[in-house]
$ cat protein-v2.cif   # mmCIF, C-alpha atoms and all ligand atoms
data_final
#
loop_
_atom_site.label_atom_id
_atom_site.label_comp_id
_atom_site.auth_asym_id
_atom_site.auth_seq_id
_atom_site.Cartn_x
_atom_site.Cartn_y
_atom_site.Cartn_z
CA MET A 184 14.27 -13.08 16.51
CA ASP A 185 15.57 -12.78 12.94
CA LYS A 186 16.56 -9.40 11.71
CA ILE A 187 13.76 -7.36 10.09
CA LYS A 188 13.15 -8.57 6.54
CA ILE A 189 9.94 -6.68 5.76
CA ASP A 190 8.83 -3.52 7.52
CA LEU A 191 5.10 -2.96 6.99
CA ARG A 192 4.58 -0.56 9.89
CA SER A 193 4.39 2.48 7.62
CA ASP A 194 5.51 3.82 4.26
CA THR A 195 7.45 6.44 6.25
CA VAL A 196 10.14 3.79 6.87
CA SER A 197 11.01 3.77 3.15
CA LYS A 198 14.60 4.69 2.32
CA PRO A 199 16.20 6.55 -0.60
CA THR A 200 17.18 4.46 -3.60
CA PRO A 201 20.76 4.68 -4.98
CA ALA A 202 19.52 6.94 -7.83
CA MET A 203 17.83 9.26 -5.34
CA LYS A 204 20.99 9.40 -3.22
CA HIS A 205 22.94 10.31 -6.35
CA ALA A 206 20.51 13.16 -7.10
CA MET A 207 20.94 14.39 -3.52
CA MET A 208 24.73 14.36 -3.63
CA GLU A 209 24.78 16.21 -6.94
CA ALA A 210 22.32 18.91 -5.78
CA GLU A 211 23.24 22.54 -6.17
CA VAL A 212 22.47 24.30 -2.90
CA GLY A 213 22.23 27.77 -1.35
CA ASP A 214 20.62 29.43 1.64
CA ASP A 215 16.90 28.75 1.33
CA VAL A 216 15.94 31.29 4.01
CA PHE A 217 17.31 33.86 1.49
CA ASN A 218 15.38 32.05 -1.32
CA GLU A 219 18.78 31.15 -2.78
CA ASP A 220 18.67 27.37 -2.89
CA PRO A 221 18.23 26.43 -6.57
CA SER A 222 17.20 22.85 -5.76
CA VAL A 223 14.50 23.97 -3.31
CA ASN A 224 13.28 26.54 -5.83
CA ALA A 225 13.19 23.89 -8.57
CA LEU A 226 11.17 21.50 -6.39
CA GLN A 227 8.69 24.19 -5.36
CA GLU A 228 8.23 25.33 -8.96
CA TYR A 229 7.82 21.78 -10.24
CA ALA A 230 5.18 20.93 -7.63
CA ALA A 231 3.26 24.18 -8.12
CA ASN A 232 3.14 23.53 -11.89
CA LEU A 233 2.09 19.93 -11.38
CA PHE A 234 -0.95 21.10 -9.41
CA GLY A 235 -1.52 24.25 -11.48
CA MET A 236 -1.20 26.33 -8.31
CA GLU A 237 0.68 29.59 -7.96
CA ALA A 238 3.29 28.60 -5.41
CA ALA A 239 4.67 25.91 -3.10
CA LEU A 240 6.73 25.83 0.09
CA PHE A 241 9.14 23.05 1.04
CA CYS A 242 8.74 22.12 4.71
CA SER A 243 10.22 19.56 7.06
CA SER A 244 7.12 17.39 7.49
CA GLY A 245 3.45 16.83 6.75
CA THR A 246 2.64 17.89 10.28
CA GLN A 247 4.37 21.20 9.59
CA THR A 248 2.58 21.84 6.26
CA ASN A 249 -0.81 20.99 7.79
CA GLN A 250 -0.21 23.12 10.86
CA ILE A 251 0.97 26.07 8.77
CA ALA A 252 -2.17 25.78 6.64
CA ILE A 253 -4.40 25.70 9.71
CA LYS A 254 -2.65 28.75 11.13
CA LEU A 255 -3.02 30.52 7.78
CA HIS A 256 -6.77 30.00 7.57
CA THR A 257 -7.89 30.38 11.20
CA GLN A 258 -8.04 32.98 13.94
CA PRO A 259 -7.80 32.17 17.68
CA GLY A 260 -11.20 30.95 18.84
CA SER A 261 -12.39 29.97 15.38
CA GLU A 262 -13.16 26.38 14.41
CA VAL A 263 -11.75 23.73 12.09
CA ILE A 264 -14.14 21.12 10.66
CA CYS A 265 -12.56 17.73 10.03
CA ASP A 266 -13.15 14.02 10.46
CA ALA A 267 -12.74 12.34 13.86
CA ARG A 268 -10.00 10.14 12.33
CA ALA A 269 -8.10 13.03 10.74
CA HIS A 270 -4.34 13.12 11.17
CA VAL A 271 -4.52 16.88 11.83
CA TYR A 272 -6.72 16.16 14.85
CA LEU A 273 -5.42 12.83 16.17
CA TYR A 274 -1.73 12.73 15.44
CA GLU A 275 -0.31 16.24 15.34
CA GLY A 276 0.21 16.64 19.07
CA GLY A 277 -2.81 18.88 19.63
CA GLY A 278 -1.25 21.31 17.16
CA ILE A 279 -4.57 22.91 16.21
CA ALA A 280 -4.94 24.16 19.78
CA PHE A 281 -1.22 24.68 20.40
CA ASN A 282 -0.34 26.61 17.25
CA SER A 283 -3.62 28.21 16.23
CA SER A 284 -5.71 28.39 19.44
CA ALA A 285 -8.58 27.08 17.33
CA SER A 286 -11.28 24.61 18.28
CA VAL A 287 -12.35 21.58 16.26
CA LYS A 288 -15.70 20.22 15.17
CA LEU A 289 -15.43 16.53 14.36
CA ILE A 290 -17.45 14.52 11.86
CA ALA A 291 -17.86 10.84 12.74
CA SER A 292 -17.93 9.29 9.28
CA GLU A 293 -17.32 5.89 7.73
CA ARG A 294 -13.60 5.55 7.02
CA GLY A 295 -12.99 9.30 7.15
CA LEU A 296 -15.09 9.98 4.04
CA PHE A 297 -17.74 12.48 5.13
CA THR A 298 -20.41 14.14 2.99
CA ALA A 299 -21.17 17.71 1.98
CA ASN A 300 -24.35 17.55 4.08
CA GLU A 301 -22.33 16.57 7.15
CA VAL A 302 -20.05 19.56 6.55
CA LYS A 303 -23.08 21.83 6.18
CA GLU A 304 -24.44 20.63 9.53
CA CYS A 305 -21.12 21.48 11.20
CA ILE A 306 -21.01 25.08 10.07
CA ASN A 307 -22.01 27.44 12.86
CA GLU A 308 -24.39 30.29 12.19
CA ASP A 309 -22.97 33.76 12.59
CA ASN A 310 -23.71 34.28 16.28
CA ILE A 311 -21.32 35.56 18.95
CA HIS A 312 -21.95 32.47 21.08
CA PHE A 313 -20.43 30.12 18.54
CA PRO A 314 -16.88 29.72 17.26
CA LYS A 315 -16.57 31.03 13.74
CA SER A 316 -16.29 28.10 11.31
CA SER A 317 -13.07 28.95 9.54
CA LEU A 318 -11.69 25.90 7.74
CA VAL A 319 -12.79 22.57 6.30
CA CYS A 320 -10.00 20.01 6.23
CA LEU A 321 -10.16 16.78 4.26
CA GLU A 322 -7.62 13.90 4.14
CA ASN A 323 -6.91 11.85 1.00
CA THR A 324 -6.09 8.99 1.21
CA VAL A 325 -7.52 8.52 4.69
CA ASN A 326 -4.75 6.88 6.68
CA LYS A 327 -6.96 5.66 9.53
CA GLY A 328 -9.65 4.64 7.05
CA GLY A 329 -7.31 2.02 5.53
CA GLY A 330 -6.04 4.20 2.68
CA ALA A 331 -9.59 5.12 1.64
CA CYS A 332 -10.00 7.40 -1.39
CA TRP A 333 -12.54 10.14 -1.97
CA GLU A 334 -15.04 10.22 -4.81
CA TRP A 335 -14.41 13.34 -6.84
CA GLU A 336 -18.12 14.27 -6.94
CA GLU A 337 -18.29 14.47 -3.12
CA ILE A 338 -15.21 16.69 -2.99
CA LEU A 339 -16.87 19.06 -5.45
CA LYS A 340 -20.06 19.15 -3.35
CA ILE A 341 -18.02 20.00 -0.24
CA LYS A 342 -16.17 22.68 -2.21
CA GLU A 343 -19.55 24.20 -3.13
CA VAL A 344 -20.58 24.33 0.55
CA CYS A 345 -17.25 26.00 1.42
CA LYS A 346 -17.68 28.49 -1.40
CA GLN A 347 -21.21 29.43 -0.36
CA GLN A 348 -20.03 30.06 3.20
CA ALA A 349 -16.67 31.62 2.21
CA ILE A 350 -14.79 28.98 4.23
CA PRO A 351 -11.33 27.89 3.02
CA PHE A 352 -10.77 24.25 2.03
CA HIS A 353 -7.51 22.47 2.96
CA LEU A 354 -6.37 19.04 1.83
CA ASP A 355 -4.06 16.82 3.87
CA GLY A 356 -2.74 14.96 0.86
CA ALA A 357 0.03 13.07 2.63
CA ARG A 358 -0.75 10.15 0.30
CA LEU A 359 -2.58 12.05 -2.43
CA PHE A 360 -0.60 10.41 -5.24
CA ASN A 361 -1.89 7.01 -4.12
CA ALA A 362 -5.43 8.37 -4.49
CA LEU A 363 -4.70 9.92 -7.90
CA ILE A 364 -3.52 6.55 -9.18
CA ALA A 365 -6.30 4.50 -7.57
CA LYS A 366 -9.07 6.85 -8.76
CA ASN A 367 -7.54 7.97 -12.04
CA GLN A 368 -7.70 11.61 -10.95
CA THR A 369 -5.23 14.43 -11.68
CA ALA A 370 -3.18 16.76 -9.51
CA LYS A 371 -4.63 19.73 -11.44
CA GLN A 372 -8.20 18.80 -10.45
CA TYR A 373 -7.12 19.11 -6.83
CA GLY A 374 -5.15 22.29 -7.47
CA GLU A 375 -8.25 23.95 -8.92
CA THR A 376 -10.44 22.92 -5.99
CA PHE A 377 -8.52 23.38 -2.74
CA ASP A 378 -7.18 26.62 -1.27
CA THR A 379 -4.17 24.82 0.17
CA ILE A 380 -2.80 21.30 -0.27
CA SER A 381 -0.17 19.45 1.74
CA ILE A 382 1.68 16.61 0.01
CA CYS A 383 4.31 14.36 1.58
CA LEU A 384 7.47 13.27 -0.19
CA SER A 385 8.70 10.99 2.57
CA LYS A 386 5.97 8.34 2.58
CA GLY A 387 5.29 6.11 -0.43
CA LEU A 388 7.34 8.43 -2.65
CA GLY A 389 10.47 7.38 -0.78
CA ALA A 390 12.24 10.68 -0.05
CA PRO A 391 13.97 10.78 3.34
CA VAL A 392 12.42 14.07 4.50
CA GLY A 393 9.96 16.69 3.39
CA SER A 394 6.50 17.88 2.47
CA LEU A 395 5.17 20.69 0.33
CA LEU A 396 2.42 23.18 1.01
CA LEU A 397 0.73 24.41 -2.17
CA GLY A 398 -1.49 27.45 -2.55
CA SER A 399 -1.83 30.97 -3.93
CA ALA A 400 1.25 33.20 -4.02
CA GLN A 401 -0.25 35.24 -1.19
CA HIS A 402 -0.94 32.19 1.00
CA ILE A 403 2.56 30.82 0.42
CA TYR A 404 4.12 34.20 1.21
CA GLN A 405 2.31 34.16 4.58
CA ALA A 406 3.10 30.45 5.03
CA LYS A 407 6.80 31.20 4.78
CA ARG A 408 6.51 33.61 7.70
CA ILE A 409 4.68 30.98 9.79
CA ARG A 410 7.24 28.31 8.85
CA LYS A 411 9.98 30.63 10.12
CA VAL A 412 8.18 31.15 13.45
CA LEU A 413 7.85 27.37 13.81
CA GLY A 414 11.60 27.01 13.35
CA GLY A 415 11.17 25.49 9.92
CA GLY A 416 13.37 27.81 7.88
CA MET A 417 16.11 25.55 6.53
CA ARG A 418 19.39 26.58 4.95
CA GLN A 419 21.06 24.26 2.38
CA ALA A 420 17.87 22.23 2.18
CA GLY A 421 18.49 21.55 -1.50
CA PHE A 422 20.05 18.17 -0.67
CA LEU A 423 16.64 17.14 0.66
CA ALA A 424 14.68 18.97 -2.02
CA ALA A 425 16.64 17.11 -4.71
CA ALA A 426 15.39 13.84 -3.21
CA GLY A 427 11.85 15.21 -3.28
CA LEU A 428 12.13 16.29 -6.91
CA TYR A 429 13.55 12.90 -7.84
CA ALA A 430 10.61 11.27 -6.05
CA LEU A 431 8.02 13.36 -7.92
CA GLN A 432 9.69 12.75 -11.27
CA HIS A 433 10.50 9.05 -10.92
CA GLN A 434 8.63 7.38 -8.09
CA VAL A 435 4.98 8.31 -8.53
CA ASP A 436 3.91 5.82 -11.20
CA ARG A 437 5.40 2.90 -9.30
CA LEU A 438 2.93 3.43 -6.42
CA LYS A 439 0.62 1.14 -8.39
CA ILE A 440 2.98 -1.72 -7.56
CA ASP A 441 2.38 -1.08 -3.84
CA HIS A 442 -1.37 -1.12 -4.51
CA GLN A 443 -1.04 -4.47 -6.31
CA HIS A 444 0.98 -5.88 -3.41
CA ALA A 445 -1.65 -4.70 -0.92
CA ALA A 446 -4.51 -6.20 -2.97
CA TYR A 447 -2.69 -9.53 -3.31
CA ILE A 448 -1.98 -9.80 0.43
CA ALA A 449 -5.51 -8.64 1.30
CA LYS A 450 -6.95 -11.51 -0.73
CA ILE A 451 -4.84 -14.02 1.18
CA LEU A 452 -5.81 -12.48 4.52
CA GLN A 453 -9.50 -12.65 3.60
CA GLY A 454 -9.17 -16.44 3.41
CA LYS A 455 -7.89 -16.73 6.99
CA SER A 456 -10.28 -17.64 9.79
CA TRP A 457 -8.45 -15.30 12.19
CA VAL A 458 -9.30 -12.20 10.14
CA LYS A 459 -12.56 -10.87 11.51
CA PHE A 460 -12.98 -7.68 9.54
CA MET A 461 -11.07 -5.70 6.93
CA TYR A 462 -11.55 -2.25 5.43
CA PRO A 463 -11.83 -2.24 1.64
CA VAL A 464 -8.28 -2.12 0.26
CA GLU A 465 -7.99 0.68 -2.31
CA THR A 466 -4.36 1.77 -2.13
CA ASN A 467 -1.19 0.74 -0.23
CA ILE A 468 -2.73 0.26 3.23
CA ILE A 469 -4.46 -2.76 4.76
CA ILE A 470 -6.24 -2.37 8.09
CA PHE A 471 -7.90 -5.43 9.54
CA GLN A 472 -9.14 -6.75 12.86
CA THR A 473 -8.13 -10.14 14.16
CA SER A 474 -10.56 -12.54 15.85
CA ALA A 475 -10.41 -13.18 19.58
CA HIS A 476 -8.64 -16.53 19.03
CA LEU A 477 -5.63 -14.71 17.53
CA PRO A 478 -5.23 -11.35 19.29
CA SER A 479 -3.30 -8.80 17.27
CA SER A 480 -0.44 -8.82 19.78
CA GLU A 481 0.01 -12.56 19.19
CA LEU A 482 -0.12 -12.11 15.42
CA SER A 483 2.52 -9.37 15.65
CA THR A 484 4.80 -11.65 17.66
CA LEU A 485 4.34 -14.53 15.21
CA LEU A 486 5.21 -12.25 12.29
CA GLN A 487 8.05 -10.53 14.10
CA ASP A 488 9.65 -13.93 14.75
CA LYS A 489 9.81 -14.29 10.94
CA GLY A 490 11.30 -10.80 10.51
CA ILE A 491 8.03 -9.10 9.53
CA LYS A 492 6.99 -5.91 11.32
CA ILE A 493 3.42 -4.61 11.40
CA SER A 494 1.58 -1.88 13.36
CA ASN A 495 -0.86 -2.56 16.16
CA MET A 496 -3.60 0.07 16.37
CA GLY A 497 -5.48 -1.18 19.45
CA ASN A 498 -8.77 -3.09 19.61
CA ASN A 499 -7.13 -5.98 17.68
CA LEU A 500 -6.73 -3.75 14.63
CA VAL A 501 -3.50 -4.05 12.68
CA ARG A 502 -2.09 -2.01 9.82
CA LEU A 503 0.13 -3.15 6.96
CA VAL A 504 1.58 -0.50 4.66
CA PHE A 505 3.23 -1.28 1.33
CA HIS A 506 6.11 0.76 -0.10
CA LEU A 507 9.05 0.75 -2.45
CA ASN A 508 11.48 -1.13 -0.22
CA GLN A 509 9.47 -4.34 -0.54
CA SER A 510 10.50 -6.58 -3.43
CA ALA A 511 8.34 -9.19 -5.18
CA ASP A 512 10.29 -11.84 -3.21
CA ASP A 513 9.46 -10.06 0.05
CA ILE A 514 5.78 -10.08 -0.87
CA ASP A 515 5.91 -13.81 -1.69
CA PHE A 516 7.61 -14.46 1.64
CA LEU A 517 4.91 -12.41 3.41
CA ALA A 518 2.14 -14.28 1.54
CA ASN A 519 3.61 -17.69 2.45
CA THR A 520 4.07 -16.67 6.07
CA ILE A 521 0.46 -15.49 6.37
CA GLN A 522 -0.76 -18.70 4.69
CA SER A 523 1.17 -20.77 7.21
CA ILE A 524 -0.53 -19.18 10.25
CA ASP A 525 -3.43 -21.39 11.25
CA LYS A 526 -5.41 -20.77 14.40
C1 LIG B 601 -2.54 11.45 6.60
C2 LIG B 601 -1.29 12.01 7.19
N1 LIG B 601 -1.14 13.33 7.27
C3 LIG B 601 -0.04 13.91 7.76
C4 LIG B 601 1.01 13.13 8.22
C5 LIG B 601 2.19 13.82 8.84
O1 LIG B 601 3.36 13.63 8.18
P1 LIG B 601 4.78 13.75 8.95
O2 LIG B 601 5.01 12.44 9.59
O3 LIG B 601 5.71 14.06 7.82
O4 LIG B 601 4.67 14.86 9.92
C6 LIG B 601 0.91 11.73 8.17
C7 LIG B 601 2.01 10.90 8.68
O5 LIG B 601 2.02 9.69 8.64
C8 LIG B 601 -0.28 11.16 7.65
O6 LIG B 601 -0.44 9.83 7.59
#
$ encode --input "protein-v2.cif" --output "structure tokens" --more "lines below"
Ligand SMILES: Cc1ncc(COP(=O)(O)O)c(C=O)c1O
Amino acid sequence: MDKIKIDLRSDTVSKPTPAMKHAMMEAEVGDDVFNEDPSVNALQEYAANLFGMEAALFCSSGTQTNQIAIKLHTQPGSEVICDARAHVYLYEGGGIAFNSSASVKLIASERGLFTANEVKECINEDNIHFPKSSLVCLENTVNKGGGACWEWEEILKIKEVCKQQAIPFHLDGARLFNALIAKNQTAKQYGETFDTISICLSKGLGAPVGSLLLGSAQHIYQAKRIRKVLGGGMRQAGFLAAAGLYALQHQVDRLKIDHQHAAYIAKILQGKSWVKFMYPVETNIIIFQTSAHLPSSELSTLLQDKGIKISNMGNNLVRLVFHLNQSADDIDFLANTIQSIDK
């Protein structure tokens, strides 16, 4: 096998650019548990302003920001409403039960994009037999929905349902900037609508580590206490925060290049007889299913032999994720390789 030329397994494999590394090495740092790291403070302030929210908290991962938010909004025995494909439910190690002792009501939607009516149907009446519905959690873009983006109107309708029932509204915005670009939406729209928002710096934005939880000053004050309990209080974290700030200031607009790469490759895949089904490609993720005559495991091996890594998701579904470490030449090589596979 050749060495890996193109890694499409996830945008989490993206690495810091030389300019980002420079920003990290130049960072002024202090003890962030004492609120004394100027680079962490600068990142938190920048992100809060970007979203028009009162405060932000720098955390180690998107799992941590989501889990802190869930803990903030729930009580043991209460219930979180989210999609059956949600990262908070599927891929956070059972954290909702482990950290918050909360139960979950799942919505089985198309591509993770549920409706306000579906949320309404999930809300339990106030009756001692039922768990108290305590949080609605939405993901944008939907990772397991192939990078699907929400329509703004539906988000507003869900917000209205939450408001009527006094239920907090959390956004897992691990790839929110991809959605903002694809849908021409703004961070401030989201800041006005959600009680808490998690954004990731270490996916398409290319920082090595880190996520931010955004919310009211009171929520973020409580969040800091929960982060400490989870072992997430970091000391001279400014080296990492500087990478995150660099990412927010310099590497957001370029996400559109990843979307163009994904659209270009999707078009080529659609012409192949061995592609049975593909989710609409809206951002930097392609998820498709291979036909029985080319099982996904065989496709992975064929690509791996050319130095191209992809993710297998079971049931012959594969995922390709585009990010900043893939050059135009890499994308041409990928396109030619896909074209050459005939089955
Ligand atoms: C939609 C979504 N939310 C949250 C996360 C968690 O992020 P982390 O890997 O930083 O814990 C991921 C990770 O891929 C994700 O795709």
$ residues_around --input "protein-v2.cif" --residues "A:Phe422" --least-positions-apart "3" --cutoff "6 Å" --atoms "all atoms listed in the file" --output "NGL selection string"
:A and (207 or 210 or 425)
$ residues_near_ligand --input "protein-v2.cif" --ligand "ligand LIG 601 (chain B)" --cutoff "9 Å" --atoms "only C-alpha atoms and all ligand atoms" --output "ChimeraX atom specification"
/A:193-195,243-249,269-271,274-275,322-327,330,355-358,381-386,392-394
$ write_last_selection --input "protein-v2.cif" --atoms "C-alpha atoms" --output "JSON list (two decimals), in the frame of the given file"
[["chain", "number", "residue", "atom", "x", "y", "z"],
["A", 193, "SER", "CA", 4.39, 2.48, 7.62],
["A", 194, "ASP", "CA", 5.51, 3.82, 4.26],
["A", 195, "THR", "CA", 7.45, 6.44, 6.25],
["A", 243, "SER", "CA", 10.22, 19.56, 7.06],
["A", 244, "SER", "CA", 7.12, 17.39, 7.49],
["A", 245, "GLY", "CA", 3.45, 16.83, 6.75],
["A", 246, "THR", "CA", 2.64, 17.89, 10.28],
["A", 247, "GLN", "CA", 4.37, 21.20, 9.59],
["A", 248, "THR", "CA", 2.58, 21.84, 6.26],
["A", 249, "ASN", "CA", -0.81, 20.99, 7.79],
["A", 269, "ALA", "CA", -8.10, 13.03, 10.74],
["A", 270, "HIS", "CA", -4.34, 13.12, 11.17],
["A", 271, "VAL", "CA", -4.52, 16.88, 11.83],
["A", 274, "TYR", "CA", -1.73, 12.73, 15.44],
["A", 275, "GLU", "CA", -0.31, 16.24, 15.34],
["A", 322, "GLU", "CA", -7.62, 13.90, 4.14],
["A", 323, "ASN", "CA", -6.91, 11.85, 1.00],
["A", 324, "THR", "CA", -6.09, 8.99, 1.21],
["A", 325, "VAL", "CA", -7.52, 8.52, 4.69],
["A", 326, "ASN", "CA", -4.75, 6.88, 6.68],
["A", 327, "LYS", "CA", -6.96, 5.66, 9.53],
["A", 330, "GLY", "CA", -6.04, 4.20, 2.68],
["A", 355, "ASP", "CA", -4.06, 16.82, 3.87],
["A", 356, "GLY", "CA", -2.74, 14.96, 0.86],
["A", 357, "ALA", "CA", 0.03, 13.07, 2.63],
["A", 358, "ARG", "CA", -0.75, 10.15, 0.30],
["A", 381, "SER", "CA", -0.17, 19.45, 1.74],
["A", 382, "ILE", "CA", 1.68, 16.61, 0.01],
["A", 383, "CYS", "CA", 4.31, 14.36, 1.58],
["A", 384, "LEU", "CA", 7.47, 13.27, -0.19],
["A", 385, "SER", "CA", 8.70, 10.99, 2.57],
["A", 386, "LYS", "CA", 5.97, 8.34, 2.58],
["A", 392, "VAL", "CA", 12.42, 14.07, 4.50],
["A", 393, "GLY", "CA", 9.96, 16.69, 3.39],
["A", 394, "SER", "CA", 6.50, 17.88, 2.47]]
$ closest_residue --input "protein-v2.cif" --among "A:Gly235, A:Gly398, A:Gly490, A:Gly421" --to "A:Glu209" --atoms "all atoms listed in the file"
A:Gly421
$ atom_distance --input "protein-v2.cif" --atom1 "atom CA of A:Glu336" --atom2 "atom CA of A:Ala299"
10.0 Å
$ closest_residue --input "protein-v2.cif" --among "A:Ser292, A:Ser456, A:Gln347, A:Gln250" --to "A:Gly276" --atoms "only C-alpha atoms"
A:Gln250
$ closest_residue --input "protein-v2.cif" --among "A:Ser197, A:Gln443, A:Thr379, A:Asn218" --to "A:Ala511" --atoms "all atoms listed in the file"
A:Gln443
$ closest_residue --input "protein-v2.cif" --among "A:Leu191, A:Ala449, A:Ile279, A:Leu428" --to "A:Ala252" --atoms "all atoms listed in the file"
A:Ile279
$ atom_distance --input "protein-v2.cif" --atom1 "atom CA of A:Met461" --atom2 "atom CA of A:Ala291"
18.8 Å
$ decode --input "protein-v2.cif" --residues "stretch 272-283 of chain A" --atoms "N, CA and C atoms" --output "PDB file, in the first residue's frame"
ATOM      1  N   TYR A 272     -26.528  11.733  20.895  1.00  0.00           N
ATOM      2  CA  TYR A 272     -27.141  10.445  21.285  1.00  0.00           C
ATOM      3  C   TYR A 272     -26.269   9.253  20.867  1.00  0.00           C
ATOM      4  N   LEU A 273     -25.777   9.294  19.615  1.00  0.00           N
ATOM      5  CA  LEU A 273     -25.104   8.111  19.055  1.00  0.00           C
ATOM      6  C   LEU A 273     -23.636   7.992  19.427  1.00  0.00           C
ATOM      7  N   TYR A 274     -22.954   9.138  19.473  1.00  0.00           N
ATOM      8  CA  TYR A 274     -21.488   9.083  19.463  1.00  0.00           C
ATOM      9  C   TYR A 274     -20.822   9.769  20.655  1.00  0.00           C
ATOM     10  N   GLU A 275     -21.559   9.955  21.730  1.00  0.00           N
ATOM     11  CA  GLU A 275     -20.911  10.601  22.884  1.00  0.00           C
ATOM     12  C   GLU A 275     -20.871   9.649  24.085  1.00  0.00           C
ATOM     13  N   GLY A 276     -20.751   8.354  23.754  1.00  0.00           N
ATOM     14  CA  GLY A 276     -20.488   7.345  24.778  1.00  0.00           C
ATOM     15  C   GLY A 276     -21.601   7.177  25.799  1.00  0.00           C
ATOM     16  N   GLY A 277     -22.837   7.489  25.395  1.00  0.00           N
ATOM     17  CA  GLY A 277     -23.936   7.386  26.368  1.00  0.00           C
ATOM     18  C   GLY A 277     -23.864   8.504  27.399  1.00  0.00           C
ATOM     19  N   GLY A 278     -23.236   9.601  27.021  1.00  0.00           N
ATOM     20  CA  GLY A 278     -22.985  10.710  27.947  1.00  0.00           C
ATOM     21  C   GLY A 278     -24.249  11.316  28.544  1.00  0.00           C
ATOM     22  N   ILE A 279     -25.356  11.274  27.805  1.00  0.00           N
ATOM     23  CA  ILE A 279     -26.590  11.875  28.334  1.00  0.00           C
ATOM     24  C   ILE A 279     -26.998  11.132  29.606  1.00  0.00           C
ATOM     25  N   ALA A 280     -26.900   9.802  29.552  1.00  0.00           N
ATOM     26  CA  ALA A 280     -27.220   9.002  30.739  1.00  0.00           C
ATOM     27  C   ALA A 280     -26.098   9.112  31.774  1.00  0.00           C
ATOM     28  N   PHE A 281     -24.863   9.016  31.306  1.00  0.00           N
ATOM     29  CA  PHE A 281     -23.713   8.958  32.223  1.00  0.00           C
ATOM     30  C   PHE A 281     -23.534  10.266  33.002  1.00  0.00           C
ATOM     31  N   ASN A 282     -23.592  11.375  32.292  1.00  0.00           N
ATOM     32  CA  ASN A 282     -23.316  12.665  32.944  1.00  0.00           C
ATOM     33  C   ASN A 282     -24.548  13.311  33.555  1.00  0.00           C
ATOM     34  N   SER A 283     -25.707  13.119  32.908  1.00  0.00           N
ATOM     35  CA  SER A 283     -26.878  13.898  33.310  1.00  0.00           C
ATOM     36  C   SER A 283     -28.011  13.038  33.851  1.00  0.00           C
TER      37      SER A 283
END
